[in-house]
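Q: Have a look at the structure that comes next, please.
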Amino acid sequence: MSDIGGVAAERLRSFIERIERLEEEKAALANDVREVYSEAKSAGFDTKIMRQVIKLRKMDQNDRQEQEALLDLYKQAVGLNE
(Lines give C-alpha, C1' and ligand atoms only; values in the text may rest on other atoms or scores of the structure.)
Protein backbone atom coordinates (compact mmCIF):
# COMPACT_ATOMS: atom_id res chain seq x y z
CA MET A 1 0.00 0.00 0.00
CA SER A 2 1.54 3.28 -1.02
CA ASP A 3 1.39 6.31 1.22
CA ILE A 4 0.88 9.74 -0.27
CA GLY A 5 1.42 12.59 2.14
CA GLY A 6 1.00 10.19 5.06
CA VAL A 7 -2.32 8.86 3.76
CA ALA A 8 -2.76 5.30 2.61
CA ALA A 9 -3.79 5.77 -1.02
CA GLU A 10 -5.67 2.48 -1.41
CA ARG A 11 -7.63 3.01 1.79
CA LEU A 12 -8.53 6.54 0.72
CA ARG A 13 -9.58 5.31 -2.73
CA SER A 14 -11.74 2.64 -1.08
CA PHE A 15 -13.54 5.25 1.04
CA ILE A 16 -14.06 7.52 -1.96
CA GLU A 17 -15.48 4.69 -4.08
CA ARG A 18 -17.82 3.56 -1.29
CA ILE A 19 -19.10 7.10 -0.86
CA GLU A 20 -19.61 7.43 -4.61
CA ARG A 21 -21.63 4.20 -4.72
CA LEU A 22 -23.74 5.32 -1.77
CA GLU A 23 -24.36 8.70 -3.42
CA GLU A 24 -25.56 6.88 -6.55
CA GLU A 25 -27.88 4.70 -4.46
CA LYS A 26 -29.17 7.77 -2.64
CA ALA A 27 -29.94 9.50 -5.94
CA ALA A 28 -31.76 6.41 -7.19
CA LEU A 29 -33.80 6.23 -3.98
CA ALA A 30 -34.65 9.93 -4.20
CA ASN A 31 -35.89 9.34 -7.74
CA ASP A 32 -38.00 6.41 -6.51
CA VAL A 33 -39.52 8.60 -3.79
CA ARG A 34 -40.35 11.29 -6.38
CA GLU A 35 -42.06 8.65 -8.51
CA VAL A 36 -44.18 7.48 -5.57
CA TYR A 37 -45.22 11.07 -4.80
CA SER A 38 -46.08 11.55 -8.47
CA GLU A 39 -48.17 8.39 -8.44
CA ALA A 40 -49.95 9.49 -5.27
CA LYS A 41 -50.61 12.92 -6.77
CA SER A 42 -52.10 11.38 -9.91
CA ALA A 43 -54.34 9.28 -7.64
CA GLY A 44 -55.68 12.52 -6.14
CA PHE A 45 -53.67 12.75 -2.92
CA ASP A 46 -52.20 16.05 -1.70
CA THR A 47 -48.45 15.46 -1.61
CA LYS A 48 -47.74 18.45 0.62
CA ILE A 49 -49.98 16.95 3.28
CA MET A 50 -48.40 13.54 2.75
CA ARG A 51 -44.98 15.07 3.38
CA GLN A 52 -46.26 16.64 6.60
CA VAL A 53 -47.71 13.30 7.73
CA ILE A 54 -44.41 11.56 7.02
CA LYS A 55 -42.55 14.24 8.98
CA LEU A 56 -44.95 13.79 11.92
CA ARG A 57 -44.60 10.01 11.83
CA LYS A 58 -40.82 10.35 12.15
CA MET A 59 -41.16 12.46 15.29
CA ASP A 60 -41.23 11.16 18.82
CA GLN A 61 -44.80 11.15 20.15
CA ASN A 62 -43.99 13.57 22.99
CA ASP A 63 -42.25 15.99 20.63
CA ARG A 64 -45.16 15.79 18.21
CA GLN A 65 -47.71 16.46 20.96
CA GLU A 66 -45.67 19.40 22.24
CA GLN A 67 -45.40 20.86 18.74
CA GLU A 68 -49.13 20.41 18.11
CA ALA A 69 -49.97 22.08 21.45
CA LEU A 70 -47.72 25.04 20.64
CA LEU A 71 -49.24 25.31 17.18
CA ASP A 72 -52.75 25.37 18.69
CA LEU A 73 -51.65 28.00 21.21
CA TYR A 74 -50.14 30.19 18.48
CA LYS A 75 -53.22 29.77 16.28
CA GLN A 76 -55.44 30.85 19.18
CA ALA A 77 -53.18 33.82 19.84
CA VAL A 78 -53.62 35.10 16.28
CA GLY A 79 -57.30 34.21 16.00
CA LEU A 80 -57.10 31.23 13.63
CA ASN A 81 -59.12 28.80 15.78
CA GLU A 82 -62.35 30.75 15.59
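Ligands are numbered from 1 in the order shown, residues from 1 within each chain, and chains are lettered A, B, ... in the order they appear in the C-alpha coordinates.
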Could you write out, as a list in words, all the residues of chain A that DSSP marks as strand (DSSP E or B)?
A: Asp3, Ile4, Val7 and Ala8 of chain A
Q: Got time to write the residues from that selection, N, CA and C atoms, as a PDB file, in the first residue's frame?
A:
ATOM      1  N   ASP A   3       1.818   5.154   0.445  1.00  0.00           N
ATOM      2  CA  ASP A   3       1.392   6.312   1.221  1.00  0.00           C
ATOM      3  C   ASP A   3       1.666   7.570   0.427  1.00  0.00           C
ATOM      4  N   ILE A   4       0.710   8.451   0.393  1.00  0.00           N
ATOM      5  CA  ILE A   4       0.883   9.740  -0.271  1.00  0.00           C
ATOM      6  C   ILE A   4       0.590  10.807   0.769  1.00  0.00           C
ATOM      7  N   VAL A   7      -1.003   9.478   3.868  1.00  0.00           N
ATOM      8  CA  VAL A   7      -2.319   8.861   3.759  1.00  0.00           C
ATOM      9  C   VAL A   7      -2.197   7.608   2.911  1.00  0.00           C
ATOM     10  N   ALA A   8      -2.795   6.531   3.374  1.00  0.00           N
ATOM     11  CA  ALA A   8      -2.761   5.297   2.607  1.00  0.00           C
ATOM     12  C   ALA A   8      -3.664   5.452   1.391  1.00  0.00           C
TER      13      ALA A   8
END
Q: Could you tell me how far CA of Gln65 (chain A) lies from CA of Ala40 (chain A), in Å and to one decimal?
A: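 Atom-to-atom, CA of Gln65 (chain A) and CA of Ala40 (chain A) are spaced 27.2 Å apart.
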